[in-house]
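run.pdb (PDB, C-alpha atoms) appears below.
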MODEL        1
ATOM      1  CA  GLU D1474      -3.819   1.309   5.018
ATOM      2  CA  GLY D1475      -1.562   3.209   7.406
ATOM      3  CA  LEU D1476      -1.058   0.163   9.620
ATOM      4  CA  THR D1477      -0.197  -1.990   6.596
ATOM      5  CA  THR D1478       2.211   0.681   5.358
ATOM      6  CA  TYR D1479       3.928   0.747   8.723
ATOM      7  CA  LEU D1480       4.110  -3.007   9.385
ATOM      8  CA  ALA D1481       5.030  -3.956   5.811
ATOM      9  CA  ASP D1482       6.773  -1.258   3.743
ATOM     10  CA  GLN D1483       8.363   0.719   6.579
ATOM     11  CA  PHE D1484       9.314  -2.395   8.569
ATOM     12  CA  TYR D1485      10.959  -3.958   5.516
ATOM     13  CA  GLU D1486      13.187  -0.884   5.185
ATOM     14  CA  GLU D1487      13.787  -0.859   8.956
ATOM     15  CA  GLN D1488      15.188  -4.394   8.745
ATOM     16  CA  LYS D1489      17.714  -3.125   6.177
ATOM     17  CA  GLY D1490      18.707  -0.235   8.461
ATOM     18  CA  LYS D1491      16.879   2.271   6.258
ATOM     19  CA  GLY D1492      13.725   2.867   8.265
ATOM     20  CA  TRP D1493      14.754   6.481   8.801
ATOM     21  CA  GLU D1494      14.985   6.990   5.013
ATOM     22  CA  TYR D1495      11.485   5.615   4.520
ATOM     23  CA  ARG D1496      10.073   7.840   7.254
ATOM     24  CA  LYS D1497      11.855  10.892   5.886
ATOM     25  CA  GLN D1498      10.375  10.226   2.441
ATOM     26  CA  THR D1499       6.955   9.926   4.101
ATOM     27  CA  LEU D1500       7.420  13.408   5.589
ATOM     28  CA  ILE D1501       8.722  14.797   2.278
ATOM     29  CA  ASP D1502       5.585  13.505   0.542
ATOM     30  CA  TYR D1503       3.381  15.099   3.198
ATOM     31  CA  SER D1504       5.189  18.432   2.850
ATOM     32  CA  SER D1505       4.931  18.208  -0.948
ATOM     33  CA  TYR D1506       1.276  17.277  -1.383
ATOM     34  CA  VAL D1507      -0.629  18.397   1.721
ATOM     35  CA  ASN D1508      -1.621  22.009   2.366
ATOM     36  CA  ASP D1509      -4.230  24.002   4.285
ATOM     37  CA  LYS D1510      -6.800  23.476   1.524
ATOM     38  CA  ASN D1511      -6.645  19.675   1.274
ATOM     39  CA  GLU D1512      -5.615  18.654   4.782
ATOM     40  CA  PHE D1513      -7.970  16.556   6.908
ATOM     41  CA  PRO D1514      -7.744  14.416  10.099
ATOM     42  CA  ILE D1515      -6.705  10.805   9.556
ATOM     43  CA  LYS D1516      -9.935   9.652  11.255
ATOM     44  CA  ASP D1517     -11.744  10.956   8.142
ATOM     45  CA  PHE D1518      -9.626   8.963   5.684
ATOM     46  CA  ARG D1519     -11.772   6.597   3.605
ATOM     47  CA  GLY D1520      -9.496   5.784   0.675
ATOM     48  CA  ARG D1521      -6.771   7.076  -1.577
ATOM     49  CA  THR D1522      -8.076   9.473  -4.221
ATOM     50  CA  ASP D1523      -4.941  11.521  -4.979
ATOM     51  CA  PHE D1524      -1.395  12.197  -3.783
ATOM     52  CA  SER D1525      -2.525  14.293  -0.810
ATOM     53  CA  SER D1526      -5.024  11.738   0.518
ATOM     54  CA  LYS D1527      -2.359   9.026   0.225
ATOM     55  CA  ALA D1528       0.146  11.185   2.137
ATOM     56  CA  ILE D1529      -2.393  11.510   4.965
ATOM     57  CA  GLY D1530      -4.102   8.099   5.046
ATOM     58  CA  TYR D1531      -1.024   5.991   4.349
ATOM     59  CA  GLY D1532       1.917   8.205   5.337
ATOM     60  CA  LYS D1533       0.840  10.236   8.345
ATOM     61  CA  THR D1534      -1.040   7.234   9.764
ATOM     62  CA  ALA D1535       2.113   5.098   9.522
ATOM     63  CA  MET D1536       4.007   7.812  11.399
ATOM     64  CA  VAL D1537       1.301   7.830  14.093
ATOM     65  CA  PHE D1538       1.721   4.090  14.664
ATOM     66  CA  HIS D1539       5.501   4.576  14.782
ATOM     67  CA  MET D1540       5.183   7.270  17.462
ATOM     68  CA  LEU D1541       2.736   5.101  19.377
ATOM     69  CA  LYS D1542       5.215   2.190  19.371
ATOM     70  CA  ASN D1543       7.963   4.467  20.665
ATOM     71  CA  ILE D1544       5.719   5.569  23.540
ATOM     72  CA  VAL D1545       4.350   2.194  24.689
ATOM     73  CA  GLY D1546       7.314  -0.025  23.728
ATOM     74  CA  ASP D1547       7.513  -3.049  21.437
ATOM     75  CA  ASN D1548       5.896  -5.571  23.791
ATOM     76  CA  VAL D1549       2.788  -3.479  24.487
ATOM     77  CA  PHE D1550       2.543  -2.410  20.841
ATOM     78  CA  TYR D1551       2.464  -5.913  19.354
ATOM     79  CA  LYS D1552       0.331  -7.377  22.149
ATOM     80  CA  SER D1553      -2.191  -4.584  21.617
ATOM     81  CA  LEU D1554      -2.332  -5.316  17.891
ATOM     82  CA  ARG D1555      -2.817  -9.040  18.516
ATOM     83  CA  ASP D1556      -5.622  -8.255  20.968
ATOM     84  CA  PHE D1557      -7.145  -5.800  18.497
ATOM     85  CA  ILE D1558      -7.241  -8.490  15.810
ATOM     86  CA  SER D1559      -8.610 -11.088  18.204
ATOM     87  CA  GLU D1560     -11.388  -8.845  19.520
ATOM     88  CA  ASN D1561     -12.440  -7.427  16.142
ATOM     89  CA  ARG D1562     -12.019 -10.330  13.764
ATOM     90  CA  PHE D1563     -14.824 -10.322  11.146
ATOM     91  CA  LYS D1564     -16.202  -7.045  12.556
ATOM     92  CA  MET D1565     -16.111  -3.402  11.544
ATOM     93  CA  ALA D1566     -13.400  -1.757  13.642
ATOM     94  CA  SER D1567     -12.622   1.905  14.321
ATOM     95  CA  TRP D1568      -9.943   4.168  15.727
ATOM     96  CA  ASP D1569     -11.819   4.016  19.043
ATOM     97  CA  ASP D1570     -11.277   0.243  19.131
ATOM     98  CA  ILE D1571      -7.548   0.763  18.552
ATOM     99  CA  LYS D1572      -7.405   3.457  21.244
ATOM    100  CA  ASN D1573      -9.258   1.301  23.770
ATOM    101  CA  VAL D1574      -7.137  -1.810  23.281
ATOM    102  CA  PHE D1575      -3.876   0.139  23.525
ATOM    103  CA  GLY D1576      -5.075   1.969  26.639
ATOM    104  CA  LYS D1577      -6.058  -1.333  28.285
ATOM    105  CA  THR D1578      -2.709  -2.996  27.549
ATOM    106  CA  TYR D1579      -0.552   0.053  28.319
ATOM    107  CA  LYS D1580      -2.550   0.776  31.494
ATOM    108  CA  LYS D1581      -2.118   4.529  30.987
ATOM    109  CA  ASP D1582      -4.347   7.166  29.423
ATOM    110  CA  LEU D1583      -3.711   7.616  25.699
ATOM    111  CA  ASN D1584      -6.721   9.801  24.886
ATOM    112  CA  TRP D1585      -4.419  12.823  24.511
ATOM    113  CA  PHE D1586      -2.329  10.995  21.898
ATOM    114  CA  PHE D1587      -5.227   9.883  19.697
ATOM    115  CA  LYS D1588      -6.989  13.235  19.979
ATOM    116  CA  GLN D1589      -4.049  15.286  18.704
ATOM    117  CA  TRP D1590      -2.868  12.879  16.018
ATOM    118  CA  VAL D1591      -6.064  11.152  14.842
ATOM    119  CA  ASP D1592      -8.929  13.565  15.506
ATOM    120  CA  ILE D1593      -7.255  16.818  14.446
ATOM    121  CA  ALA D1594      -5.644  17.691  11.109
ATOM    122  CA  GLY D1595      -2.067  18.895  10.835
ATOM    123  CA  MET D1596       1.549  18.162  11.634
ATOM    124  CA  SER D1597       3.803  19.431  14.389
ATOM    125  CA  GLU D1598       6.486  22.007  13.649
ATOM    126  CA  ILE D1599       9.476  21.981  15.996
ATOM    127  CA  TYR D1600      12.766  23.843  16.165
ATOM    128  CA  VAL D1601      15.790  24.306  18.449
ATOM    129  CA  GLU D1602      17.137  27.548  19.873
ATOM    130  CA  ASP D1603      19.266  28.974  22.708
ATOM    131  CA  PHE D1604      21.710  26.094  22.927
ATOM    132  CA  ASN D1605      24.609  26.579  25.326
ATOM    133  CA  ILE D1606      26.981  24.394  27.321
ATOM    134  CA  LYS D1607      29.128  25.128  30.365
ATOM    135  CA  GLN D1608      31.342  23.215  32.762
ATOM    136  CA  ASN D1609      29.949  22.458  36.210
ATOM    137  CA  GLY D1610      32.608  20.795  38.369
ATOM    138  CA  ASN D1611      33.818  17.694  36.546
ATOM    139  CA  LYS D1612      30.589  17.546  34.528
ATOM    140  CA  TYR D1613      29.119  19.607  31.700
ATOM    141  CA  GLU D1614      25.679  21.163  31.631
ATOM    142  CA  ALA D1615      23.922  21.549  28.301
ATOM    143  CA  ARG D1616      20.845  23.737  28.036
ATOM    144  CA  ILE D1617      18.532  23.821  25.065
ATOM    145  CA  ASN D1618      15.055  25.103  24.186
ATOM    146  CA  ILE D1619      12.779  23.067  21.949
ATOM    147  CA  GLY D1620      10.112  25.285  20.418
ATOM    148  CA  GLN D1621       6.852  24.566  18.598
ATOM    149  CA  ARG D1622       5.227  26.749  15.964
ATOM    150  CA  GLY D1623       1.472  26.740  15.486
ATOM    151  CA  ARG D1624      -0.557  24.249  17.503
ATOM    152  CA  VAL D1625       1.284  22.816  20.504
ATOM    153  CA  TYR D1626       1.562  19.019  20.623
ATOM    154  CA  THR D1627       2.601  16.711  23.436
ATOM    155  CA  MET D1628       5.497  14.707  21.999
ATOM    156  CA  ASP D1629       8.435  12.570  23.045
ATOM    157  CA  ILE D1630      11.255  13.938  20.892
ATOM    158  CA  PRO D1631      14.544  12.023  20.483
ATOM    159  CA  LEU D1632      17.795  13.929  20.951
ATOM    160  CA  THR D1633      20.994  12.174  19.831
ATOM    161  CA  ILE D1634      24.228  13.281  21.532
ATOM    162  CA  TYR D1635      27.502  12.595  19.702
ATOM    163  CA  TYR D1636      30.932  12.592  21.336
ATOM    164  CA  LYS D1637      34.377  12.902  19.745
ATOM    165  CA  ASP D1638      35.308   9.276  20.472
ATOM    166  CA  GLY D1639      32.446   8.088  18.266
ATOM    167  CA  PHE D1640      30.141   7.239  21.162
ATOM    168  CA  LYS D1641      26.560   8.433  20.879
ATOM    169  CA  LYS D1642      23.571   8.428  23.208
ATOM    170  CA  LYS D1643      19.878   8.978  22.482
ATOM    171  CA  VAL D1644      17.603  10.611  25.065
ATOM    172  CA  TRP D1645      13.869  11.260  24.785
ATOM    173  CA  VAL D1646      12.490  14.664  25.719
ATOM    174  CA  ARG D1647       8.814  15.332  26.522
ATOM    175  CA  ALA D1648       7.844  18.581  24.765
ATOM    176  CA  ASP D1649       4.382  19.938  25.564
ATOM    177  CA  LYS D1650       4.753  23.734  25.563
ATOM    178  CA  VAL D1651       5.415  26.535  23.088
ATOM    179  CA  LYS D1652       8.980  26.334  24.437
ATOM    180  CA  THR D1653      10.273  23.400  26.460
ATOM    181  CA  GLY D1654      13.509  24.052  28.339
ATOM    182  CA  LEU D1655      15.872  21.127  28.781
ATOM    183  CA  THR D1656      18.990  20.770  30.935
ATOM    184  CA  LEU D1657      21.275  17.757  30.434
ATOM    185  CA  THR D1658      24.194  16.760  32.659
ATOM    186  CA  LEU D1659      26.980  15.240  30.546
ATOM    187  CA  ASP D1660      30.296  13.576  31.377
ATOM    188  CA  SER D1661      32.184  15.317  28.572
ATOM    189  CA  VAL D1662      31.727  17.952  25.892
ATOM    190  CA  PRO D1663      29.556  16.650  23.022
ATOM    191  CA  GLU D1664      30.659  17.043  19.421
ATOM    192  CA  ARG D1665      27.103  17.707  18.281
ATOM    193  CA  MET D1666      23.472  17.140  19.225
ATOM    194  CA  VAL D1667      20.774  16.253  16.683
ATOM    195  CA  MET D1668      17.028  16.507  17.232
ATOM    196  CA  ASP D1669      14.861  13.781  15.659
ATOM    197  CA  GLU D1670      17.763  12.444  13.619
ATOM    198  CA  ASP D1671      15.895   9.303  12.519
ATOM    199  CA  TYR D1672      12.598  11.029  11.653
ATOM    200  CA  ASP D1673      10.611   9.449  14.479
ATOM    201  CA  ILE D1674       8.162  12.371  14.788
ATOM    202  CA  ALA D1675       5.289  13.359  12.492
ATOM    203  CA  ARG D1676       6.473  16.888  11.779
ATOM    204  CA  LYS D1677       6.933  19.511   9.111
ATOM    205  CA  LEU D1678      10.440  19.327   7.711
ATOM    206  CA  SER D1679      12.653  22.384   7.752
ATOM    207  CA  ASN D1680      13.683  23.909   4.408
ATOM    208  CA  LYS D1681      17.173  22.416   4.760
ATOM    209  CA  GLU D1682      15.699  18.917   5.148
ATOM    210  CA  LEU D1683      13.538  19.167   2.021
ATOM    211  CA  PRO D1684      15.382  18.081  -1.131
ATOM    212  CA  PRO D1685      14.334  19.473  -4.527
ATOM    213  CA  VAL D1686      12.216  16.546  -5.730
ATOM    214  CA  ILE D1687       9.474  16.077  -8.307
ATOM    215  CA  SER D1688       6.750  15.627  -5.668
ATOM    216  CA  ARG D1689       7.266  19.228  -4.532
ATOM    217  CA  LEU D1690       6.505  20.416  -8.075
ATOM    218  CA  LEU D1691       3.473  18.130  -8.434
ATOM    219  CA  GLY D1692       2.042  19.247  -5.102
ATOM    220  CA  ASP D1693       2.559  22.991  -5.548
ATOM    221  CA  ASN D1694      -0.536  25.101  -6.160
ATOM    222  CA  LYS D1695       1.347  28.095  -7.596
ATOM    223  CA  ILE D1696       3.375  27.220 -10.697
ATOM    224  CA  MET D1697       4.586  29.409 -13.538
ATOM    225  CA  ILE D1698       5.485  27.953 -16.944
ATOM    226  CA  ILE D1699       8.234  29.805 -18.821
ATOM    227  CA  PHE D1700       8.096  29.233 -22.565
ATOM    228  CA  PRO D1701      11.219  28.026 -24.419
ATOM    229  CA  VAL D1702      13.361  30.022 -26.785
ATOM    230  CA  GLY D1703      12.515  27.716 -29.675
ATOM    231  CA  ASN D1704       9.566  25.565 -30.738
ATOM    232  CA  ARG D1705       7.106  25.457 -27.859
ATOM    233  CA  GLU D1706       5.062  22.687 -29.495
ATOM    234  CA  VAL D1707       7.811  20.285 -28.402
ATOM    235  CA  TYR D1708       6.597  20.745 -24.819
ATOM    236  CA  ARG D1709       2.844  20.804 -25.522
ATOM    237  CA  ALA D1710       2.160  17.804 -23.239
ATOM    238  CA  VAL D1711       3.994  19.472 -20.331
ATOM    239  CA  VAL D1712       2.218  22.794 -20.791
ATOM    240  CA  ASP D1713      -1.268  21.306 -21.149
ATOM    241  CA  SER D1714      -0.881  19.024 -18.136
ATOM    242  CA  PHE D1715       0.269  21.738 -15.758
ATOM    243  CA  LYS D1716      -2.243  24.268 -17.088
ATOM    244  CA  GLU D1717      -4.945  21.801 -16.076
ATOM    245  CA  ARG D1718      -3.435  21.966 -12.585
ATOM    246  CA  GLY D1719      -3.720  25.749 -12.502
ATOM    247  CA  ALA D1720      -0.272  26.773 -13.747
ATOM    248  CA  VAL D1721       0.075  30.081 -15.625
ATOM    249  CA  GLU D1722       2.188  30.734 -18.735
ATOM    250  CA  LYS D1723       4.637  33.552 -19.355
ATOM    251  CA  GLU D1724       7.066  34.616 -22.033
ATOM    252  CA  ILE D1725      10.740  34.903 -21.076
ATOM    253  CA  ARG D1726      10.740  38.681 -21.506
ATOM    254  CA  ASP D1727       7.808  39.078 -19.089
ATOM    255  CA  ILE D1728       9.336  37.255 -16.113
ATOM    256  CA  LYS D1729       9.724  39.604 -13.136
ATOM    257  CA  ASP D1730      11.745  39.052  -9.982
ATOM    258  CA  SER D1731       8.468  38.920  -8.046
ATOM    259  CA  ASP D1732       7.296  36.004 -10.252
ATOM    260  CA  ILE D1733      10.394  34.000  -9.399
ATOM    261  CA  LYS D1734      10.081  34.729  -5.685
ATOM    262  CA  SER D1735       6.414  33.740  -5.449
ATOM    263  CA  SER D1736       6.173  30.627  -7.643
ATOM    264  CA  SER D1737       7.624  27.279  -8.447
ATOM    265  CA  LEU D1738       8.894  27.508 -12.017
ATOM    266  CA  ILE D1739       8.743  25.206 -15.018
ATOM    267  CA  ILE D1740      11.516  26.272 -17.381
ATOM    268  CA  LEU D1741      11.253  24.766 -20.851
ATOM    269  CA  GLY D1742      14.529  24.167 -22.690
ATOM    270  CA  ARG D1743      18.092  24.070 -21.348
ATOM    271  CA  ASP D1744      18.980  27.072 -23.486
ATOM    272  CA  ASN D1745      16.368  29.170 -21.698
ATOM    273  CA  PRO D1746      18.047  32.402 -20.459
ATOM    274  CA  VAL D1747      16.090  32.254 -17.175
ATOM    275  CA  ILE D1748      18.376  29.345 -16.185
ATOM    276  CA  GLU D1749      21.428  31.590 -16.479
ATOM    277  CA  ARG D1750      19.575  34.282 -14.553
ATOM    278  CA  LEU D1751      19.064  31.878 -11.639
ATOM    279  CA  TYR D1752      22.071  29.542 -11.680
ATOM    280  CA  GLY D1753      24.700  30.872 -14.057
ATOM    281  CA  SER D1754      25.010  27.573 -15.908
ATOM    282  CA  ILE D1755      23.992  23.947 -15.450
ATOM    283  CA  ASP D1756      25.366  20.696 -16.837
ATOM    284  CA  LYS D1757      24.127  19.541 -20.219
ATOM    285  CA  ILE D1758      22.417  16.152 -20.050
ATOM    286  CA  ASP D1759      22.406  13.903 -23.117
ATOM    287  CA  ALA D1760      18.967  12.282 -23.193
ATOM    288  CA  GLY D1761      15.863  12.290 -25.344
ATOM    289  CA  PHE D1762      13.862  13.777 -22.461
ATOM    290  CA  ASN D1763      15.169  15.128 -19.168
ATOM    291  CA  LEU D1764      13.696  16.698 -16.055
ATOM    292  CA  THR D1765      15.902  18.318 -13.426
ATOM    293  CA  ILE D1766      14.484  19.762 -10.195
ATOM    294  CA  LYS D1767      16.472  22.412  -8.326
ATOM    295  CA  ASN D1768      15.772  24.593  -5.320
ATOM    296  CA  ASN D1769      14.449  28.030  -6.165
ATOM    297  CA  PRO D1770      17.350  30.241  -4.992
ATOM    298  CA  TRP D1771      14.988  33.164  -4.350
ATOM    299  CA  ASN D1772      12.435  31.187  -2.322
ATOM    300  CA  GLN D1773      13.504  27.996  -0.554
ATOM    301  CA  GLN D1774       9.891  26.846  -0.229
ATOM    302  CA  LYS D1775       9.616  26.630  -4.012
ATOM    303  CA  VAL D1776      11.390  24.591  -6.696
ATOM    304  CA  VAL D1777      12.493  25.056 -10.296
ATOM    305  CA  ALA D1778      11.798  22.299 -12.841
ATOM    306  CA  ILE D1779      13.925  22.351 -15.990
ATOM    307  CA  PHE D1780      12.488  20.290 -18.852
ATOM    308  CA  SER D1781      14.581  19.570 -21.930
ATOM    309  CA  ALA D1782      13.858  17.336 -24.910
ATOM    310  CA  GLN D1783      15.171  16.518 -28.348
ATOM    311  CA  SER D1784      11.712  16.267 -29.925
ATOM    312  CA  LYS D1785       7.974  16.325 -29.291
ATOM    313  CA  GLY D1786       7.947  12.545 -29.689
ATOM    314  CA  GLU D1787      10.427  12.144 -26.818
ATOM    315  CA  VAL D1788       8.231  14.336 -24.590
ATOM    316  CA  ASP D1789       5.045  12.495 -25.497
ATOM    317  CA  ALA D1790       6.681   9.114 -24.840
ATOM    318  CA  ALA D1791       8.055   9.999 -21.400
ATOM    319  CA  PHE D1792       6.252  12.907 -19.766
ATOM    320  CA  ARG D1793       3.280  11.037 -18.245
ATOM    321  CA  LYS D1794       5.702   8.711 -16.458
ATOM    322  CA  ILE D1795       7.193  11.426 -14.245
ATOM    323  CA  PHE D1796       4.157  11.253 -11.934
ATOM    324  CA  HIS D1797       5.415   7.850 -10.736
ATOM    325  CA  TYR D1798       8.870   9.210  -9.820
ATOM    326  CA  GLY D1799       7.958  11.767  -7.168
ATOM    327  CA  LYS D1800      10.918  11.143  -4.849
ATOM    328  CA  TYR D1801      13.594  11.860  -7.478
ATOM    329  CA  SER D1802      15.373  15.071  -8.459
ATOM    330  CA  VAL D1803      16.633  14.090 -11.934
ATOM    331  CA  LEU D1804      15.015  11.868 -14.568
ATOM    332  CA  SER D1805      16.217  10.971 -18.053
ATOM    333  CA  PHE D1806      14.411   8.983 -20.762
ATOM    334  CA  ASP D1807      15.197   7.767 -24.258
ATOM    335  CA  ASN D1808      12.201   6.801 -26.393
ATOM    336  CA  GLY D1809      10.087   6.629 -23.260
ATOM    337  CA  ARG D1810      12.489   4.260 -21.460
ATOM    338  CA  ASN D1811      13.926   5.453 -18.175
ATOM    339  CA  ILE D1812      17.732   5.520 -18.392
ATOM    340  CA  TYR D1813      18.523   7.558 -15.259
TER     341      TYR D1813
ENDMDL
END
For this file, produce the structure as structure tokens.
Amino acid sequence: EGLTTYLADQFYEEQKGKGWEYRKQTLIDYSSYVNDKNEFPIKDFRGRTDFSSKAIGYGKTAMVFHMLKNIVGDNVFYKSLRDFISENRFKMASWDDIKNVFGKTYKKDLNWFFKQWVDIAGMSEIYVEDFNIKQNGNKYEARINIGQRGRVYTMDIPLTIYYKDGFKKKVWVRADKVKTGLTLTLDSVPERMVMDEDYDIARKLSNKELPPVISRLLGDNKIMIIFPVGNREVYRAVVDSFKERGAVEKEIRDIKDSDIKSSSLIILGRDNPVIERLYGSIDKIDAGFNLTIKNNPWNQQKVVAIFSAQSKGEVDAAFRKIFHYGKYSVLSFDNGRNIY
């Protein structure tokens, strides 16, 4: 499934110049749905059973093949796949068969790669610190530390260097320590440097890279439902569905600052005073049923979902459809028909 995802869906977007968008969405889905309780190695994937298993078996696996292609190069990658098909046609094949055929074609050891990405659960978490640049003769010397949190991976990380004249250059850095120091000799002062700009690495996204999207609400295991000012029966379908997922209910008057800081919130009704408490005011949206996802301003790892509807019938006609729109931040429906 992961190989099909990579060679079909991702490649189709790559041909349109949007491969990076597809890969970023893959990482957003992983961050949204996968946690310590449901994470498993991709070697244990047997089929899609829910959002989290899809994010691992389809998404992470596609990212693994992408990283593998970047390491071995296009020629070795596609030759290895052709050999893999030829050698295993009409047979049961395994990750070991893939590892062996790539190692034979590449003529270098790849056991380390498959062990850390296939045999062990998890994603890498990388960051940049201690950047500085100084002149050295008629050249410039840029120094940077690339750090890893949690388990240390061996990775080739792309670093894109931009210059003021519009020229840019991509270099690949091998990171294999808690902190990997890098020194680059440059001809002129760069305008900026961006690490993993095109989302080539299977990694946890930083808070600033994670947009407030529906998938982050659906994948959260700590959600608080805040009842509306008016008729709560309008939102019965919303309440019942998220209660089944473990969400807790609270009245407006009982909401504490600690609740907001520790949970993703479902706020029912655009006239709910908790909205003003968090954002001051938000735009009114004219639709039979609307869902708007915003970042939780008191905890950037959580989101706030604002549901509004004109009637119970509008909610019942549209609510179940939101589970198919995980990558969006705003949805509007009229009589169950998506209008935005």
Neighbours of Val1549 (chain D) within 9 Å (all atoms listed in the file; same-chain residues fewer than 3 positions away dropped), as a list in words?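 Neighbouring residues, sequence-local ones excluded: Lys1542, Val1545, Gly1546, Lys1552, Ser1553, Leu1554, Phe1575, Thr1578 and Tyr1579 of chain D.
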Taking all atoms listed in the file into account, name the residue in D:Ala1481, D:Ile1755, D:Ile1571, D:Ile1630 that is nearest to Asn1543 (chain D). D:Ile1630
Go through D:Ala1594, D:Ile1696, D:Ala1720, D:Ile1687 and flag the residue nearest Lys1767 (chain D), using only C-alpha atoms for the distances.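 Among the listed residues, the smallest separation from Lys1767 (chain D) belongs to D:Ile1687.
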Which residue out of D:Asp1671, D:Asp1730, D:Asp1569, D:Val1574 has the minimum interatomic distance to Phe1557 (chain D) when all atoms listed in the file are used?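 For Phe1557 (chain D), the nearest of the given residues is D:Val1574.
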Applied to the shown file, which residues does the PyMOL selection byres ((chain D and resi 1740) around 10) return, written as a list in words?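 For this structure, the PyMOL selection byres ((chain D and resi 1740) around 10) resolves to Met1697, Ile1698, Ile1699, Phe1700, Pro1701, Ile1725, Ser1737, Leu1738, Ile1739, Leu1741, Gly1742, Arg1743, Asp1744, Asn1745, Pro1746, Val1747, Ile1748, Leu1764, Thr1765, Val1777, Ala1778, Ile1779, Phe1780 and Ser1781 of chain D.
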Nearby residues (only C-alpha atoms) at most 9 Å from Leu1691 (chain D), same-chain spacing under 2 positions excluded, as JSON, numbers by chain: {"D": [1505, 1506, 1524, 1687, 1688, 1689, 1693, 1694, 1715, 1718, 1796, 1799]}
Using only C-alpha atoms, find the one residue out of D:Asn1769, D:Ser1504, D:Asn1611, D:Thr1534 that sits nearest to Phe1587 (chain D).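 Of the candidates, the smallest distance to Phe1587 (chain D) is held by D:Thr1534.
Look at Lys1641 (chain D): the protein and nucleic acid residues within 10 Å of it, using only C-alpha atoms and passing over chain neighbours fewer than 2 places away, are Thr1633, Ile1634, Tyr1635, Tyr1636, Lys1637, Asp1638, Gly1639, Lys1643, Pro1663, Glu1664, Arg1665 and Met1666 of chain D.
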Residues picked by the PyMOL selection byres ((chain D and resi 1675) around 6) here, as a PDB file with C-alpha atoms, in the coordinates of the input?
ATOM      1  CA  MET D1536       4.007   7.812  11.399  1.00  0.00           C
ATOM      2  CA  ILE D1674       8.162  12.371  14.788  1.00  0.00           C
ATOM      3  CA  ARG D1676       6.473  16.888  11.779  1.00  0.00           C
TER       4      ARG D1676
END
Carefully work through the PyMOL selection byres ((chain D and resi 1645) around 7) for this structure and note down the residues it includes, as a PyMOL selection string. chain D and resi 1629-1632+1643-1644+1646-1647
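CA of Asn1811 (chain D) lies 17.5 Å from CA of Lys1757 (chain D).
Of note, CA of Gly1620 (chain D) and CA of Thr1653 (chain D) are spaced 6.3 Å apart.
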Need the shell around Thr1477 (chain D): protein/DNA/RNA residues with any atom at most 12 Å away, counting all atoms listed in the file. Skip same-chain ones fewer than 5 positions apart. Format as JSON, numbers by chain? {"D": [1482, 1483, 1484, 1485, 1530, 1531, 1532, 1534, 1535, 1536, 1538, 1539, 1554]}
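If you look at CA of Asn1508 (chain D) and CA of Leu1683 (chain D), they are 15.4 Å away from each other.
Of the listed residues (D:Leu1476, D:Lys1588, D:Ser1661, D:Arg1555), D:Ser1661 comes nearest to Lys1607 (chain D); the distances count only C-alpha atoms.
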My list of candidates is D:Val1662, D:Ile1758, D:Val1711, D:Val1537. Which is closest to Arg1793 (chain D) when distances are computed with all atoms listed in the file? D:Val1711
Neighbours of Arg1521 (chain D) within 10 Å (only C-alpha atoms; same-chain residues fewer than 5 positions away dropped), as a PyMOL selection string? chain D and resi 1474+1526-1531
Expected file contents, prior selection, C-alpha atoms, as a PDB file, keeping the file's coordinate frame:
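Output file selection-v2.pdb follows:
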ATOM      1  CA  GLU D1474      -3.819   1.309   5.018  1.00  0.00           C
ATOM      2  CA  SER D1526      -5.024  11.738   0.518  1.00  0.00           C
ATOM      3  CA  LYS D1527      -2.359   9.026   0.225  1.00  0.00           C
ATOM      4  CA  ALA D1528       0.146  11.185   2.137  1.00  0.00           C
ATOM      5  CA  ILE D1529      -2.393  11.510   4.965  1.00  0.00           C
ATOM      6  CA  GLY D1530      -4.102   8.099   5.046  1.00  0.00           C
ATOM      7  CA  TYR D1531      -1.024   5.991   4.349  1.00  0.00           C
TER       8      TYR D1531
END
Enumerate, as an MDAnalysis selection string, the protein, DNA and RNA residues whose atoms approach (4.0, 27.3, 20.4) to within 8 Å, taking into account only C-alpha atoms and the coordinate frame of the file. chainID D and resid 1620:1625 1650:1652
Could you give me, as a ChimeraX atom specification, the residues that sit within 12 Å of (15.2, 20.9, 0.8) in the file's coordinates, counting all atoms listed in the file? /D:1497-1498,1500-1501,1504-1505,1677-1689,1766-1770,1772-1776,1802
